[in-house]
Structures are given as C-alpha cells and as structure tokens.
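I have placed the structure first, in the form of structure tokens, so that the comments after it can refer back to it.
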Amino acid sequence: MTRGLLAAVAAAVAALTLVTASPASAVAPEAPAEDPVRAAEYWLADYGIERAWQTTRGKGVTVAVIDTGVGKGPVEFEGAVVGGTDVSGVGTPDGRTPIGAVDADHGSWVASLVAGRGTGQDTGMIGVAPEAELLSVSVGFGSAATTSFTEQIAEAIRWSVDNGADVINMSLTTNVPDWDESWDEAFLYAFDHDVVVVVAAGNRGSGTTRVGAPATIPGVLTVGGVDPDGKASVEASTQGITIGVSAPSEDLVGVSADGRLVLWNGTSGAAPIVAGVAALVRAAHPDLDANNVINRIVETAKPPAGSTAAHDPLYGYGLVDAGAAVSAEVPAVAANPMGSLAEWIRIYRRAPGDPVPQQPVDPVEVPPLPRADAAERAASPFLPSRDTLLYGTLPLSLATATAILVALGVTAAVRRIRLASRAPSR
C-alpha cells in the first residue's frame, strides 16, 4: 500500500454522494467495483479476519477503548458505542468529546479499527469485530487534563470493568518500563474480573526504543507492529521481551471524529486490530476465560519470515492470525501465557507472605542468675587512695620527719662542740 491511497479513499467517499439512478438498459450492468476503502484494509484478508467472519463478527462482546474519545458524528460508529465516561476532567460525561489539540482524533481512529460499522453493505471503514460494542473512555495527556495520567488510567480501567468490558484496548505508552503502584490494583481488578487487556508496544518514531508501561505489566497482551509485507516496522513499532504478538502498524485506515478518513501509522493501530481479534475469539468461545483467549491468539500466531525463535523481541510469538485463533484446536491452559501480575507483585513489591507456622514447645524454667558484683567507681591514678596513704605517703612522711630531727640534733651537737673549743684556756 502507498500513501497515494489516501487520495483514492477520499475520492471514493466523495463519489458516494454523486451516484444517481439511471434508466434501465438492455446492456447488463457491470459488476460493481470493489470499494477502495475496503480494498485499503489489507489486514482483513492477510491476517485471517475475513475467514474468522465466517464464524463470528464479535456480537455480544464489549470492548472498552481507553483513549482520547470516540467521535459522535461518523456513520461508522452508529450503533457501536453503547456507553462511555470521561476521566480527564475536561471531557463530557459520555466520553464522546475528543480531547487534546493534537491527539483528539486518535481515539476515533482506534475505535474504527476495532468495531467500525462501515457505510454500507460492502463500503466504508469496517473494524475487525464489526458487531462488537464499544465503550468510550476519554483520557487526556499532559496539559489536556486536570487529573494526573496515572490516576486517569487506574480510574478508566475500573470503570471499564464495572461497565461490562470483556476486552480493554490501551493504545498508549509511558515510554518507561516502570509503573505507579496504583496501577497494580487497577490491572489486577481487570484480571480478576476475567477481562483481556490489549496494549500497544510503542513506536520508535515517537522516541520509544523499548516497550514501556503499561506494555511491561505482566498479564497484558502487548502488540508490536509490522509493515504491509509483514516485516517489523522500523518507525511504527519497538522491541521488548513482553511483546506477545504483532499486527499491521503501517498504512492503516482510520475514521476521524468528524468522519474524515485518514491513513496513519503506529502500534496504536496494531493493538486495536488484536483487540478486535480478542473480541472475535470471545464471541466464538464464550466459555473461555481471558487466559485462554490470550493463549489462543498467541499459540495460533504465524511465525514471521526467517524467524526460528519461539519468541522474538520484535514480533513476540508471531503475526496474529484471526482465522486460526477462532477456529483452531488449542489445548486449554491454567495460567496467562503473558505472565502473572499477582506473582510479580509478590516478588518485586515485597508483598507480605503467609506467616510461617511455629512448632509448639513446652516452657523451660531457667534458674535465676547470681547477683552481679557491685560496680566500683573509677578513680584517677593521680589521686591518693587508701592504700597509697597507708603504705606510701604515711611511712614516707614519718621517715622524712625522723631524718630532719636527727639532722637538727647532729647540727646542734656540732655547734656546742665548736663553742666549747673556743673557750679561753685557764
């Protein structure tokens, strides 16, 4: 597909308003040409979606689109959107008012890939699960919201689950692998209520070189992107070990909020294609839980050309195959092949485990310890003590005094002798 297709698509839409009735002719009418919009949706045939439609078109399944809002005007959405809400603080209560100066049409493009109804029997943009129902949950990015992005996502997930979502599509990324702890409970809430969560892997063209949250959260089905030839997209995808499957992310047709048709790129489009496949699987196998829905999509994915690895950081387990996911024989599993968020939390959030049981023991009597010796006050070696006075200072003083007295006596005796020797002779 080339970008020149956009002009053909637009021309085809304009031509639909110019068709008028003509008088009968003896010449047999030519077979109607294929609608150029449907022809542009190459993934319908190439990825087994038309084969899956022989079994189901998604009736009875509800997909929540957590995005910038699904427009009200386009005929492709008539009868598709059955509910919605706004978590950004700047939208309308029904979630149908597009949010953001740049991304306002994004939610409508995504929704049209999931469950667009077309404009006629075989005309106009049609989604992967055209009989599924949609919930529009409008979120805002950056300054386009009065509530933090983290809080918006947690609230959006809970609202979607509480309002009947069987599948949640999130064509958004944070560009970092970690996520706020408040998302732990929100995503667990979805998993505990048997909801399939599909997330876009992100795009190198927008600065994402590796998958970021929420695509790194265990249990979500992360979708990478490929070009129309089935090769990993250079700009409109990324890489990472959490990618589950891949789907087209280039030359995608989308319906804008005002009804205009556009061609666009990104895993933001690959994710809703897979979310639509999940809706088809849930409609065809209503008895399967979310873990087995994801497992069918993963197990039936087609290996990309030239790949020999069971799991590839560019393609995941392969290219999604809707026909096989709906109809193939796939053994049931007991766990989500994309991992367990509960187990991750237990290990990495240091969640408290079960207490270790204690062995009962009989009490043991311990005899009392002997009384401790009285502590002696520390004394300076330069100050006199009892012993130094008794055995040192006192004897030394007595000896000194005796020596002085003896010396004085000797001196006095000597003086008397001298005086006597000087007396006159008789």
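In the structure tokens, chains take letters A, B, ... by order of appearance, with residues numbered from 1 within each chain and ligands from 1 in the order shown.
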
Could you build a table of the residues in region 67-148 of chain A lying no more than 12 Å from region 184-202 of chain A, giving for each the nearest pair of atoms and their separation in Å rounded to one decimal place, using only C-alpha atoms, ordered by chain and ascending residue number, as CSV?
```
residue,atom,partner,partner_atom,distance
A:Asp67,CA,A:Val199,CA,11.5
A:Val110,CA,A:Ala200,CA,11.1
A:Val114,CA,A:Val198,CA,11.6
```

Show me, as a PDB file with C-alpha atoms, in the first residue's frame, the residues that have an atom within 7 Å of region 267-281 of chain A when counting only C-alpha atoms, minus same-chain residues fewer than 3 positions from it.
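The result, stored in selection25.pdb:
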```pdb
ATOM      1  CA  THR A  56     -18.431 -14.664  14.114  1.00  0.00           C
ATOM      2  CA  ARG A  57     -18.215 -10.900  13.825  1.00  0.00           C
ATOM      3  CA  GLY A  58     -17.958 -10.259  17.546  1.00  0.00           C
ATOM      4  CA  VAL A  61     -18.698  -8.774  23.180  1.00  0.00           C
ATOM      5  CA  VAL A 110      -8.528   3.277  17.228  1.00  0.00           C
ATOM      6  CA  LEU A 113     -10.201  -0.448  13.684  1.00  0.00           C
ATOM      7  CA  VAL A 114     -11.891  -2.364  16.498  1.00  0.00           C
ATOM      8  CA  VAL A 128     -12.099  -6.317  12.878  1.00  0.00           C
ATOM      9  CA  ALA A 129     -15.149  -7.079  15.051  1.00  0.00           C
ATOM     10  CA  VAL A 167     -11.749  -6.567  26.313  1.00  0.00           C
ATOM     11  CA  ASN A 169      -7.727  -1.631  24.426  1.00  0.00           C
ATOM     12  CA  SER A 171      -3.128   2.378  22.577  1.00  0.00           C
ATOM     13  CA  LEU A 172      -0.838   4.441  24.798  1.00  0.00           C
ATOM     14  CA  VAL A 198      -4.529  -5.350  24.981  1.00  0.00           C
ATOM     15  CA  VAL A 199      -1.748  -2.734  24.934  1.00  0.00           C
ATOM     16  CA  ALA A 200       0.366  -1.084  22.229  1.00  0.00           C
ATOM     17  CA  ALA A 201       4.129  -1.636  22.342  1.00  0.00           C
ATOM     18  CA  GLY A 202       5.042   1.932  21.334  1.00  0.00           C
ATOM     19  CA  ASN A 203       6.883   3.426  18.356  1.00  0.00           C
ATOM     20  CA  VAL A 223       1.218  -5.845  20.430  1.00  0.00           C
ATOM     21  CA  GLY A 224       4.154  -4.991  18.183  1.00  0.00           C
ATOM     22  CA  GLY A 225       3.844  -3.586  14.667  1.00  0.00           C
ATOM     23  CA  ALA A 236       5.963   2.344  13.839  1.00  0.00           C
ATOM     24  CA  SER A 237       6.941  -0.283  16.407  1.00  0.00           C
ATOM     25  CA  ALA A 247      -0.124  -6.873  13.722  1.00  0.00           C
ATOM     26  CA  PRO A 248      -0.111  -4.231  10.967  1.00  0.00           C
ATOM     27  CA  SER A 249       1.046  -0.788  12.095  1.00  0.00           C
ATOM     28  CA  ALA A 284     -16.837 -17.677  19.191  1.00  0.00           C
ATOM     29  CA  HIS A 285     -15.829 -19.259  22.512  1.00  0.00           C
ATOM     30  CA  VAL A 293      -8.428 -16.185  24.905  1.00  0.00           C
ATOM     31  CA  ALA A 322      -7.649 -14.244  13.414  1.00  0.00           C
ATOM     32  CA  ALA A 325      -7.394 -18.010  16.693  1.00  0.00           C
ATOM     33  CA  VAL A 326     -11.144 -18.506  16.231  1.00  0.00           C
TER      34      VAL A 326
END
```

Next item on the list: Just give me the gap between CA of Glu34 (chain A) and CA of Met125 (chain A) in Å, one decimal is fine.
Entry: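 Between CA of Glu34 (chain A) and CA of Met125 (chain A) the gap works out to 13.0 Å.
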
Item checked: Proximity to Ala40 (chain A) - best of A:Leu263, A:Val211, A:Val70, A:Leu134, only C-alpha atoms -> A:Leu263

Item checked: Residue neighbourhood Gly48 (chain A), 9 Å, only C-alpha atoms, exclusion window fewer than 5 positions, as a ChimeraX atom specification -> /A:43,53,320-325

Selection to disk with C-alpha atoms, as a PDB file, in the first residue's frame:
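Once everything was written out, this is result15.pdb:
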```
ATOM      1  CA  TRP A  43      -5.254  -6.812   7.037  1.00  0.00           C
ATOM      2  CA  TRP A  53     -16.064 -13.695   9.980  1.00  0.00           C
ATOM      3  CA  VAL A 320      -1.714 -12.568  14.590  1.00  0.00           C
ATOM      4  CA  ASP A 321      -3.997 -14.935  12.647  1.00  0.00           C
ATOM      5  CA  ALA A 322      -7.649 -14.244  13.414  1.00  0.00           C
ATOM      6  CA  GLY A 323      -8.989 -17.226  11.475  1.00  0.00           C
ATOM      7  CA  ALA A 324      -6.785 -19.689  13.339  1.00  0.00           C
ATOM      8  CA  ALA A 325      -7.394 -18.010  16.693  1.00  0.00           C
TER       9      ALA A 325
END
```

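Among A:Glu250, A:Asp178, A:Glu151, A:Glu329, the residue with the shortest atom-to-atom distance to Thr300 (chain A), counting only C-alpha atoms, is A:Glu329.
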
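You can rank A:Ala132, A:Leu252, A:Val87, A:Ala334 by their closest distance to Tyr42 (chain A) using only C-alpha atoms, and at the top of that list sits A:Leu252.
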
Margin query: According to DSSP computed on the backbone, where in region 87-275 of chain A is there helix (DSSP H, G or I)? Give the residues as a ChimeraX atom specification.
Written below: /A:106-115,142-144,149-162,182-192,204-206,267-275

Notebook entry, point to check: Any idea what's packed within 8 Å of Pro218 (chain A), counting only C-alpha atoms, ignoring anything in its chain fewer than 6 positions away? Could you give it as a PyMOL selection string?
Noted result: chain A and resi 242+338-341+344

Please, could you write that set of residues out with N, CA, C and O atoms as a compact mmCIF listing (two decimals), in the first residue's frame?
```txt
# COMPACT_ATOMS: atom_id res chain seq x y z
N THR A 242 8.36 -8.40 26.31
CA THR A 242 6.95 -8.53 26.71
C THR A 242 5.99 -8.51 25.53
O THR A 242 4.78 -8.64 25.74
N MET A 338 1.15 -14.63 29.23
CA MET A 338 1.89 -13.38 29.30
C MET A 338 2.32 -13.04 30.73
O MET A 338 2.83 -11.95 30.98
N GLY A 339 2.16 -13.99 31.64
CA GLY A 339 2.67 -13.79 32.99
C GLY A 339 1.58 -13.48 34.00
O GLY A 339 0.41 -13.30 33.66
N SER A 340 2.00 -13.43 35.27
CA SER A 340 1.08 -13.18 36.38
C SER A 340 1.48 -11.90 37.11
O SER A 340 2.57 -11.82 37.68
N LEU A 341 0.60 -10.93 37.09
CA LEU A 341 0.86 -9.69 37.82
C LEU A 341 0.86 -9.94 39.32
O LEU A 341 1.67 -9.36 40.05
N TRP A 344 4.18 -11.25 40.24
CA TRP A 344 5.18 -10.17 40.13
C TRP A 344 5.12 -9.26 41.34
O TRP A 344 6.15 -8.88 41.90
```

Next item on the list: Compare A:Val139, A:Ala52, A:Ala257, A:Ala101 by their minimum atom-to-atom distance to Lys72 (chain A), counting only C-alpha atoms, and give me the closest one.
Entry: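 Looking at the shortest contact to Lys72 (chain A), the residue is A:Ala257.
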
Per residue of region 246-345 of chain A within 12 Å of region 120-124 of chain A, record the nearest atom pair and its distance in Å to one decimal, counting only C-alpha atoms, with rows in chain order and ascending residue number, as a tab-separated table.
```
residue	atom	partner	partner_atom	distance
A:Val253	CA	A:Gly124	CA	10.2
A:Gly254	CA	A:Gly124	CA	10.4
A:Val255	CA	A:Gly124	CA	9.5
A:Gly259	CA	A:Gly124	CA	10.8
A:Arg260	CA	A:Gly124	CA	11.2
A:Leu261	CA	A:Gly124	CA	9.4
```

Got time to write the residues from that selection, N, CA, C and O atoms, as a short mmCIF file (atom, residue, chain, number, x, y, z; two decimals), in the first residue's frame?
```
data_model
loop_
_atom_site.label_atom_id
_atom_site.label_comp_id
_atom_site.auth_asym_id
_atom_site.auth_seq_id
_atom_site.Cartn_x
_atom_site.Cartn_y
_atom_site.Cartn_z
N VAL A 253 -6.04 2.51 7.78
CA VAL A 253 -7.17 3.42 7.55
C VAL A 253 -7.82 3.72 8.89
O VAL A 253 -7.96 2.84 9.74
N GLY A 254 -8.20 4.97 9.09
CA GLY A 254 -8.88 5.34 10.32
C GLY A 254 -9.96 6.37 10.06
O GLY A 254 -9.85 7.18 9.13
N VAL A 255 -11.01 6.34 10.88
CA VAL A 255 -12.10 7.31 10.77
C VAL A 255 -11.88 8.37 11.85
O VAL A 255 -11.79 8.04 13.05
N GLY A 259 -15.51 12.31 10.82
CA GLY A 259 -15.88 11.45 9.71
C GLY A 259 -14.86 11.37 8.60
O GLY A 259 -15.03 10.55 7.67
N ARG A 260 -13.81 12.19 8.64
CA ARG A 260 -12.79 12.11 7.60
C ARG A 260 -12.01 10.81 7.71
O ARG A 260 -11.77 10.30 8.79
N LEU A 261 -11.60 10.28 6.55
CA LEU A 261 -10.76 9.09 6.52
C LEU A 261 -9.30 9.50 6.41
O LEU A 261 -8.97 10.44 5.68
#
```

Checklist line | Filtered DSSP result for region 65-160 of chain A, state strand (DSSP E or B), as a ChimeraX atom specification | finding: /A:65-67,81-86,117,126,133-138

Check: Which one is closest to Ile217 (chain A): A:Ala342, A:Phe77, A:Ala115, A:Pro304? Count only C-alpha atoms.
Finding: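 Smallest distance to Ile217 (chain A) is found for A:Ala342.
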
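The gap separating CA of Val63 (chain A) from CA of Trp183 (chain A) is 19.9 Å, in Å to one decimal.
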